[in-house]
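Heads up, upload-v2.cif below (mmCIF, C-alpha atoms and all ligand atoms):
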```
data_structure
#
loop_
_atom_site.label_atom_id
_atom_site.label_comp_id
_atom_site.auth_asym_id
_atom_site.auth_seq_id
_atom_site.Cartn_x
_atom_site.Cartn_y
_atom_site.Cartn_z
CA MET Y 285 22.65 -11.32 -4.20
CA ILE Y 286 22.62 -14.65 -6.00
CA ARG Y 287 21.84 -14.01 -9.68
CA ASP Y 288 19.75 -16.97 -10.72
CA GLY Y 289 16.51 -15.28 -11.64
CA ARG Y 290 15.19 -14.67 -8.14
CA SER Y 291 13.62 -11.26 -7.60
CA GLY Y 292 15.76 -10.28 -4.61
CA ARG Y 293 12.73 -8.58 -3.10
CA LEU Y 294 10.94 -9.52 0.11
CA ILE Y 295 8.06 -8.36 2.20
CA VAL Y 296 7.68 -9.18 5.88
CA LEU Y 297 4.19 -10.17 7.06
CA ALA Y 298 2.69 -10.69 10.49
CA HIS Y 299 2.06 -14.39 10.85
CA CYS Y 300 -1.73 -14.39 10.74
CA ILE Y 301 -1.85 -12.65 7.37
CA LEU Y 302 -0.73 -15.96 5.90
CA ASN Y 303 -2.51 -18.10 8.46
CA THR Y 304 -5.69 -16.77 10.01
CA ASN Y 305 -5.95 -20.05 11.93
CA SER Y 306 -3.48 -18.53 14.38
CA ILE Y 307 -5.78 -15.69 15.46
CA CYS Y 308 -7.23 -15.64 19.00
CA SER Y 309 -10.95 -16.23 19.48
CA GLY Y 310 -13.10 -13.17 18.98
CA PRO Y 311 -12.00 -11.16 15.92
CA LYS Y 312 -14.08 -11.31 12.71
CA THR Y 313 -11.06 -11.74 10.44
CA PRO Y 314 -11.14 -15.59 10.26
CA LYS Y 315 -14.78 -15.51 9.19
CA LEU Y 316 -13.93 -13.10 6.36
CA TRP Y 317 -10.75 -14.93 5.34
CA PRO Y 318 -10.68 -18.51 6.68
CA GLY Y 319 -7.12 -19.33 5.63
CA MET Y 320 -5.11 -16.30 4.60
CA ILE Y 321 -5.98 -12.62 4.28
CA ASN Y 322 -6.53 -13.06 0.58
CA PRO Y 323 -6.43 -9.46 -0.70
CA ILE Y 324 -2.92 -9.03 0.71
CA VAL Y 325 -1.66 -12.33 -0.64
CA GLU Y 326 -3.23 -11.79 -4.06
CA LYS Y 327 -1.63 -8.35 -4.37
CA ILE Y 328 1.81 -9.63 -3.38
CA MET Y 329 1.56 -12.44 -5.94
CA GLU Y 330 1.39 -9.85 -8.73
CA TYR Y 331 4.89 -8.59 -7.99
CA ASN Y 332 7.33 -11.53 -7.72
CA VAL Y 333 8.09 -10.69 -4.15
CA GLY Y 334 9.08 -13.31 -1.57
CA VAL Y 335 7.33 -13.41 1.77
CA PHE Y 336 9.03 -13.59 5.14
CA GLN Y 337 6.41 -14.75 7.64
CA LEU Y 338 6.98 -13.51 11.18
CA PRO Y 339 6.20 -15.91 14.05
CA CYS Y 340 2.93 -15.32 15.94
CA PRO Y 341 4.14 -14.26 19.38
CA GLU Y 342 0.78 -14.80 21.10
CA PHE Y 343 0.58 -18.33 19.72
CA ILE Y 344 4.11 -19.04 20.97
CA VAL Y 345 3.40 -17.79 24.49
CA TYR Y 346 -0.28 -18.64 25.00
CA GLY Y 347 -1.08 -21.31 22.42
CA LEU Y 348 -3.96 -21.53 20.04
CA ASP Y 349 -7.13 -21.39 22.13
CA ARG Y 350 -6.71 -18.00 23.72
CA PRO Y 351 -9.08 -15.10 24.21
CA ALA Y 352 -8.50 -11.65 22.74
CA THR Y 353 -6.20 -9.66 25.00
CA ASN Y 354 -4.82 -6.17 25.51
CA ARG Y 355 -1.49 -4.52 26.12
CA HIS Y 356 -1.97 -4.28 29.86
CA ALA Y 357 -2.60 -8.02 30.26
CA LEU Y 358 0.33 -8.84 27.97
CA GLU Y 359 2.72 -6.51 29.81
CA SER Y 360 1.99 -8.15 33.14
CA SER Y 361 2.72 -11.67 31.97
CA GLY Y 362 6.31 -11.68 30.77
CA PHE Y 363 5.18 -11.58 27.15
CA ARG Y 364 7.56 -8.77 26.24
CA SER Y 365 10.70 -10.71 27.07
CA LYS Y 366 9.60 -13.54 24.74
CA CYS Y 367 8.86 -10.96 22.05
CA ARG Y 368 12.37 -9.55 22.50
CA GLU Y 369 13.85 -12.99 21.99
CA ILE Y 370 11.77 -13.65 18.85
CA ALA Y 371 12.51 -10.17 17.49
CA GLY Y 372 16.24 -10.74 17.92
CA ALA Y 373 16.13 -13.97 15.92
CA VAL Y 374 13.96 -12.47 13.18
CA SER Y 375 16.21 -9.44 12.87
CA LYS Y 376 19.26 -11.63 12.33
CA HIS Y 377 17.51 -13.32 9.41
CA LEU Y 378 16.51 -10.00 7.89
CA ARG Y 379 19.98 -8.55 8.38
CA GLU Y 380 21.39 -11.42 6.35
CA TYR Y 381 19.08 -10.59 3.44
CA ALA Y 382 19.86 -6.88 3.66
CA ALA Y 383 23.60 -7.54 3.86
CA LYS Y 384 23.39 -9.52 0.62
CA ASP Y 385 21.55 -6.72 -1.16
CA TYR Y 386 18.05 -8.16 -1.04
CA LYS Y 387 15.44 -5.42 -0.79
CA ILE Y 388 13.06 -5.64 2.15
CA LEU Y 389 10.15 -3.60 0.90
CA ALA Y 390 7.86 -3.38 3.91
CA LEU Y 391 6.74 -4.86 7.18
CA VAL Y 392 2.98 -5.44 7.37
CA GLY Y 393 1.16 -5.57 10.69
CA LEU Y 394 -2.42 -5.47 11.94
CA ARG Y 395 -3.95 -2.26 13.17
CA GLY Y 396 -5.29 -2.61 16.71
CA SER Y 397 -3.33 -5.73 17.63
CA PRO Y 398 -1.72 -5.37 21.07
CA SER Y 399 1.16 -7.44 19.69
CA CYS Y 400 1.52 -6.70 15.97
CA SER Y 401 0.17 -3.23 15.34
CA PRO Y 402 2.73 -1.09 13.49
CA GLY Y 403 1.52 1.98 15.40
CA LEU Y 404 1.04 4.26 12.40
CA ASN Y 405 -0.58 7.70 12.50
CA GLY Y 406 -0.23 8.10 16.26
CA ARG Y 407 -1.89 4.79 17.09
CA GLU Y 408 -0.48 2.51 19.73
CA LYS Y 409 2.17 0.09 18.57
CA GLY Y 410 1.99 -3.60 19.51
CA ILE Y 411 4.50 -5.01 21.96
CA PHE Y 412 6.06 -7.42 19.47
CA PHE Y 413 6.42 -4.68 16.89
CA GLU Y 414 8.02 -2.40 19.49
CA GLU Y 415 10.59 -5.07 20.22
CA LEU Y 416 11.03 -5.74 16.53
CA ASP Y 417 11.70 -2.06 15.90
CA GLU Y 418 14.40 -2.04 18.56
CA ALA Y 419 16.01 -5.22 17.27
CA LEU Y 420 15.97 -4.01 13.67
CA LYS Y 421 17.47 -0.69 14.71
CA ALA Y 422 20.22 -2.53 16.57
CA HIS Y 423 21.04 -4.31 13.31
CA GLY Y 424 21.00 -1.06 11.35
CA LEU Y 425 17.80 -1.93 9.49
CA TYR Y 426 14.95 0.38 8.67
CA ILE Y 427 11.89 -1.22 7.05
CA PRO Y 428 8.85 0.90 6.18
CA LYS Y 429 5.65 -0.27 7.86
CA ILE Y 430 2.17 -0.83 6.53
CA GLU Y 431 -0.90 -1.73 8.50
CA PHE Y 432 -3.88 -3.85 7.59
CA GLU Y 433 -7.35 -3.09 8.91
CA ARG Y 434 -10.23 -5.33 7.85
CA THR Y 435 -12.70 -2.45 7.58
CA GLU Y 436 -10.38 -0.48 5.26
CA VAL Y 437 -9.22 -3.09 2.81
CA GLU Y 438 -9.06 -0.82 -0.23
CA SER Y 439 -6.83 1.86 1.29
CA CYS Y 440 -4.60 -0.75 2.93
CA ILE Y 441 -4.11 -2.53 -0.38
CA LYS Y 442 -3.23 0.79 -2.03
CA SER Y 443 -0.49 1.34 0.56
CA LEU Y 444 0.72 -2.19 -0.02
CA GLU Y 445 0.81 -1.63 -3.76
CA ARG Y 446 2.92 1.50 -3.32
CA ALA Y 447 5.42 -0.49 -1.27
CA LEU Y 448 5.52 -3.32 -3.81
CA ASN Y 449 5.95 -0.99 -6.74
CA PRO Y 450 7.88 2.02 -5.43
CA SER Y 451 8.78 3.56 -8.81
S1 LIG Y 501 -0.16 -11.99 17.73
FE1 LIG Y 501 0.21 -10.99 15.75
S2 LIG Y 501 0.52 -12.67 14.31
FE2 LIG Y 501 -0.47 -13.52 16.14
S3 LIG Y 501 -2.63 -13.46 15.67
FE3 LIG Y 501 -2.16 -11.58 16.78
S4 LIG Y 501 -1.73 -10.05 15.17
FE4 LIG Y 501 -1.64 -12.07 14.23
#
```
As structure tokens, please, write out the structure in this file.
Ligand code: SF4
Amino acid sequence: MIRDGRSGRLIVLAHCILNTNSICSGPKTPKLWPGMINPIVEKIMEYNVGVFQLPCPEFIVYGLDRPATNRHALESSGFRSKCREIAGAVSKHLREYAAKDYKILALVGLRGSPSCSPGLNGREKGIFFEELDEALKAHGLYIPKIEFERTEVESCIKSLERALNPS
């Protein structure tokens, strides 16, 4: 790692955590947080951790004005192959950080998203996160996952804090 004062620590966030403008029409999240999901961003800012923002796969494939969707509709439209391509590119970036001894603390997704749910506690994983898991594994990377759920902000932020401050 380059020793110039940088923290050498990163967290990987689903795109819409840093840009709720990218969310499809329907969910309440943009009304609650019109720009970024503030509680996540505010917590990260306490810890001198850099942020790696994932691309929004639904935006890339379907554009901005799109309705809420589900796994079944996504699977039947060729979405997965685009996710595989994006996941491959993202994993190469992350492998470079890991190879240079940067610590990748966590990967944060959105519970219930057919694309970006981390699939914790037996819940269904999103298609993009499935492809990301495979691509990361192929590069020898394991990154612990955290999920965000807008109705459980407090417990989600506690999980985030544990990842940011593992000691
Ligand atoms: S596809 Fe992922 S990044 Fe894009 S809006 Fe949905 S959950 Fe957020």
Residue with smallest distance to Glu436 (chain Y) - pool Y:Pro402, Y:Pro339, Y:Pro323, Y:Ala352, counting all atoms listed in the file: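 The answer is Y:Pro323, which sits nearest to Glu436 (chain Y).
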Sel. within 12 Å of pt (11.6, -13.9, 15.5), counting all atoms listed in the file, output as JSON, numbers by chain: {"Y": [296, 297, 298, 299, 336, 337, 338, 339, 340, 341, 344, 366, 367, 368, 369, 370, 371, 372, 373, 374, 375, 376, 377, 378, 412, 413, 415, 416, 417, 419, 420]}
Selection within 10 Å of ligand LIG 501 (chain Y) by all atoms listed in the file, output as a ChimeraX atom specification: /Y:297-309,311,337-346,348,352-353,393-401,410-413
Residue nearest Arg446 (chain Y) - candidates Y:Arg350, Y:His356, Y:Ser365, Y:Lys327, atoms counted: all atoms listed in the file: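 Looking at the shortest contact to Arg446 (chain Y), the residue is Y:Lys327.
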Pick from Y:Met320, Y:Leu389, Y:Leu358, Y:Ala383, whichever lies nearest to Gly334 (chain Y) using only C-alpha atoms: Y:Leu389
From Y:Asp349, Y:Asp288, Y:Glu380, Y:Glu326, residue lying nearest Leu425 (chain Y) [only C-alpha atoms]: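 Among Y:Asp349, Y:Asp288, Y:Glu380, Y:Glu326, it is Y:Glu380 that comes nearest to Leu425 (chain Y).
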Residues within 9 Å of Tyr386 (chain Y), all atoms listed in the file, excluding chain neighbours under 3 positions, as a ChimeraX atom specification: /Y:285,291-294,380-383
Using C-alpha atoms, can you write the selected residues to a file as a PDB file, in the frame of the given file?
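Resulting contents of part_23.pdb:
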```
ATOM      1  CA  MET Y 285      22.650 -11.320  -4.200  1.00  0.00           C
ATOM      2  CA  SER Y 291      13.620 -11.260  -7.600  1.00  0.00           C
ATOM      3  CA  GLY Y 292      15.760 -10.280  -4.610  1.00  0.00           C
ATOM      4  CA  ARG Y 293      12.730  -8.580  -3.100  1.00  0.00           C
ATOM      5  CA  LEU Y 294      10.940  -9.520   0.110  1.00  0.00           C
ATOM      6  CA  GLU Y 380      21.390 -11.420   6.350  1.00  0.00           C
ATOM      7  CA  TYR Y 381      19.080 -10.590   3.440  1.00  0.00           C
ATOM      8  CA  ALA Y 382      19.860  -6.880   3.660  1.00  0.00           C
ATOM      9  CA  ALA Y 383      23.600  -7.540   3.860  1.00  0.00           C
TER      10      ALA Y 383
END
```
Best match for closeness to His423 (chain Y) among Y:Arg407, Y:Glu330, Y:Arg379, Y:Val437, counting only C-alpha atoms: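 Ranking Y:Arg407, Y:Glu330, Y:Arg379, Y:Val437 by distance to His423 (chain Y), first place goes to Y:Arg379.
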Å distance separating CA of Gly289 (chain Y) from CA of Lys387 (chain Y), one decimal place: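 Taking CA of Gly289 (chain Y) and CA of Lys387 (chain Y), their separation equals 14.7 Å.
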Find the nearest atom pair between each residue of region 378-408 of chain Y and region 426-430 of chain Y for residues within 6 Å, count all atoms listed in the file, give distances in Å to one decimal, sort rows by chain and ascending number, and present the table as JSON lines.
```
{"residue": "Y:Ala390", "atom": "CA", "partner": "Y:Pro428", "partner_atom": "CA", "distance": 4.9}
{"residue": "Y:Leu391", "atom": "CA", "partner": "Y:Lys429", "partner_atom": "CA", "distance": 4.8}
{"residue": "Y:Val392", "atom": "CA", "partner": "Y:Ile430", "partner_atom": "CA", "distance": 4.8}
```
Output C-alpha atoms for every residue in that selection, as a compact mmCIF listing (two decimals), in the coordinates of the input.
```
# COMPACT_ATOMS: atom_id res chain seq x y z
CA ALA Y 390 7.86 -3.38 3.91
CA LEU Y 391 6.74 -4.86 7.18
CA VAL Y 392 2.98 -5.44 7.37
```
Point-to-point distance in Å for CA of Val335 (chain Y) and CA of Leu448 (chain Y): 11.7 Å
Computed interatomic separation between CA of Cys440 (chain Y) and CA of Gly310 (chain Y) (Å):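 CA of Cys440 (chain Y) sits 22.0 Å away from CA of Gly310 (chain Y).
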Nearest to Glu431 (chain Y) by atom-to-atom distance, counting all atoms listed in the file, from Y:Lys315, Y:Arg355, Y:Ile324, Y:Pro450: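 The closest residue to Glu431 (chain Y) is Y:Ile324.
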With 4 Å on each side, where is the centre of the axis-aligned box around all listed atoms of region 407-420 of chain Y, and how long are its edges in Å to one decimal, as JSON?
```
{"center_x": 7.1, "center_y": -1.3, "center_z": 17.8, "size_x": 25.9, "size_y": 20.2, "size_z": 16.3}
```
Hey, could you patch up region 325-346 of chain Y with N, CA and C atoms and hand it over as a PDB file, keeping the file's coordinate frame?
```pdb
ATOM      1  N   VAL Y 325      -2.431 -11.292   0.042  1.00  0.00           N
ATOM      2  CA  VAL Y 325      -1.660 -12.330  -0.640  1.00  0.00           C
ATOM      3  C   VAL Y 325      -1.790 -12.179  -2.164  1.00  0.00           C
ATOM      4  N   GLU Y 326      -3.008 -11.924  -2.614  1.00  0.00           N
ATOM      5  CA  GLU Y 326      -3.230 -11.790  -4.060  1.00  0.00           C
ATOM      6  C   GLU Y 326      -2.431 -10.612  -4.627  1.00  0.00           C
ATOM      7  N   LYS Y 327      -2.387  -9.526  -3.881  1.00  0.00           N
ATOM      8  CA  LYS Y 327      -1.630  -8.350  -4.370  1.00  0.00           C
ATOM      9  C   LYS Y 327      -0.135  -8.675  -4.424  1.00  0.00           C
ATOM     10  N   ILE Y 328       0.368  -9.314  -3.400  1.00  0.00           N
ATOM     11  CA  ILE Y 328       1.810  -9.630  -3.380  1.00  0.00           C
ATOM     12  C   ILE Y 328       2.165 -10.553  -4.550  1.00  0.00           C
ATOM     13  N   MET Y 329       1.266 -11.482  -4.865  1.00  0.00           N
ATOM     14  CA  MET Y 329       1.560 -12.440  -5.940  1.00  0.00           C
ATOM     15  C   MET Y 329       1.719 -11.773  -7.305  1.00  0.00           C
ATOM     16  N   GLU Y 330       1.232 -10.557  -7.442  1.00  0.00           N
ATOM     17  CA  GLU Y 330       1.390  -9.850  -8.730  1.00  0.00           C
ATOM     18  C   GLU Y 330       2.811  -9.350  -8.954  1.00  0.00           C
ATOM     19  N   TYR Y 331       3.634  -9.332  -7.902  1.00  0.00           N
ATOM     20  CA  TYR Y 331       4.890  -8.590  -7.990  1.00  0.00           C
ATOM     21  C   TYR Y 331       6.174  -9.417  -7.833  1.00  0.00           C
ATOM     22  N   ASN Y 332       6.109 -10.718  -7.873  1.00  0.00           N
ATOM     23  CA  ASN Y 332       7.330 -11.530  -7.720  1.00  0.00           C
ATOM     24  C   ASN Y 332       8.142 -11.139  -6.491  1.00  0.00           C
ATOM     25  N   VAL Y 333       7.435 -11.071  -5.405  1.00  0.00           N
ATOM     26  CA  VAL Y 333       8.090 -10.690  -4.150  1.00  0.00           C
ATOM     27  C   VAL Y 333       7.991 -11.887  -3.204  1.00  0.00           C
ATOM     28  N   GLY Y 334       9.105 -12.240  -2.571  1.00  0.00           N
ATOM     29  CA  GLY Y 334       9.080 -13.310  -1.570  1.00  0.00           C
ATOM     30  C   GLY Y 334       8.482 -12.831  -0.268  1.00  0.00           C
ATOM     31  N   VAL Y 335       7.976 -13.770   0.509  1.00  0.00           N
ATOM     32  CA  VAL Y 335       7.330 -13.410   1.770  1.00  0.00           C
ATOM     33  C   VAL Y 335       8.114 -14.001   2.939  1.00  0.00           C
ATOM     34  N   PHE Y 336       8.427 -13.156   3.875  1.00  0.00           N
ATOM     35  CA  PHE Y 336       9.030 -13.590   5.140  1.00  0.00           C
ATOM     36  C   PHE Y 336       7.930 -13.535   6.191  1.00  0.00           C
ATOM     37  N   GLN Y 337       7.513 -14.699   6.677  1.00  0.00           N
ATOM     38  CA  GLN Y 337       6.410 -14.750   7.640  1.00  0.00           C
ATOM     39  C   GLN Y 337       6.952 -14.676   9.065  1.00  0.00           C
ATOM     40  N   LEU Y 338       6.560 -13.641   9.781  1.00  0.00           N
ATOM     41  CA  LEU Y 338       6.980 -13.510  11.180  1.00  0.00           C
ATOM     42  C   LEU Y 338       6.311 -14.616  12.010  1.00  0.00           C
ATOM     43  N   PRO Y 339       6.904 -15.016  13.123  1.00  0.00           N
ATOM     44  CA  PRO Y 339       6.200 -15.910  14.050  1.00  0.00           C
ATOM     45  C   PRO Y 339       5.031 -15.168  14.706  1.00  0.00           C
ATOM     46  N   CYS Y 340       4.035 -15.925  15.178  1.00  0.00           N
ATOM     47  CA  CYS Y 340       2.930 -15.320  15.940  1.00  0.00           C
ATOM     48  C   CYS Y 340       3.312 -15.358  17.418  1.00  0.00           C
ATOM     49  N   PRO Y 341       3.636 -14.224  17.996  1.00  0.00           N
ATOM     50  CA  PRO Y 341       4.140 -14.260  19.380  1.00  0.00           C
ATOM     51  C   PRO Y 341       3.086 -14.715  20.386  1.00  0.00           C
ATOM     52  N   GLU Y 342       1.825 -14.366  20.148  1.00  0.00           N
ATOM     53  CA  GLU Y 342       0.780 -14.800  21.100  1.00  0.00           C
ATOM     54  C   GLU Y 342       0.599 -16.312  21.038  1.00  0.00           C
ATOM     55  N   PHE Y 343       0.679 -16.872  19.857  1.00  0.00           N
ATOM     56  CA  PHE Y 343       0.580 -18.330  19.720  1.00  0.00           C
ATOM     57  C   PHE Y 343       1.734 -18.991  20.488  1.00  0.00           C
ATOM     58  N   ILE Y 344       2.931 -18.445  20.322  1.00  0.00           N
ATOM     59  CA  ILE Y 344       4.110 -19.040  20.970  1.00  0.00           C
ATOM     60  C   ILE Y 344       3.964 -19.031  22.489  1.00  0.00           C
ATOM     61  N   VAL Y 345       3.460 -17.931  23.020  1.00  0.00           N
ATOM     62  CA  VAL Y 345       3.400 -17.790  24.490  1.00  0.00           C
ATOM     63  C   VAL Y 345       2.136 -18.424  25.060  1.00  0.00           C
ATOM     64  N   TYR Y 346       1.007 -18.240  24.391  1.00  0.00           N
ATOM     65  CA  TYR Y 346      -0.280 -18.640  25.000  1.00  0.00           C
ATOM     66  C   TYR Y 346      -0.952 -19.811  24.279  1.00  0.00           C
TER      67      TYR Y 346
END
```
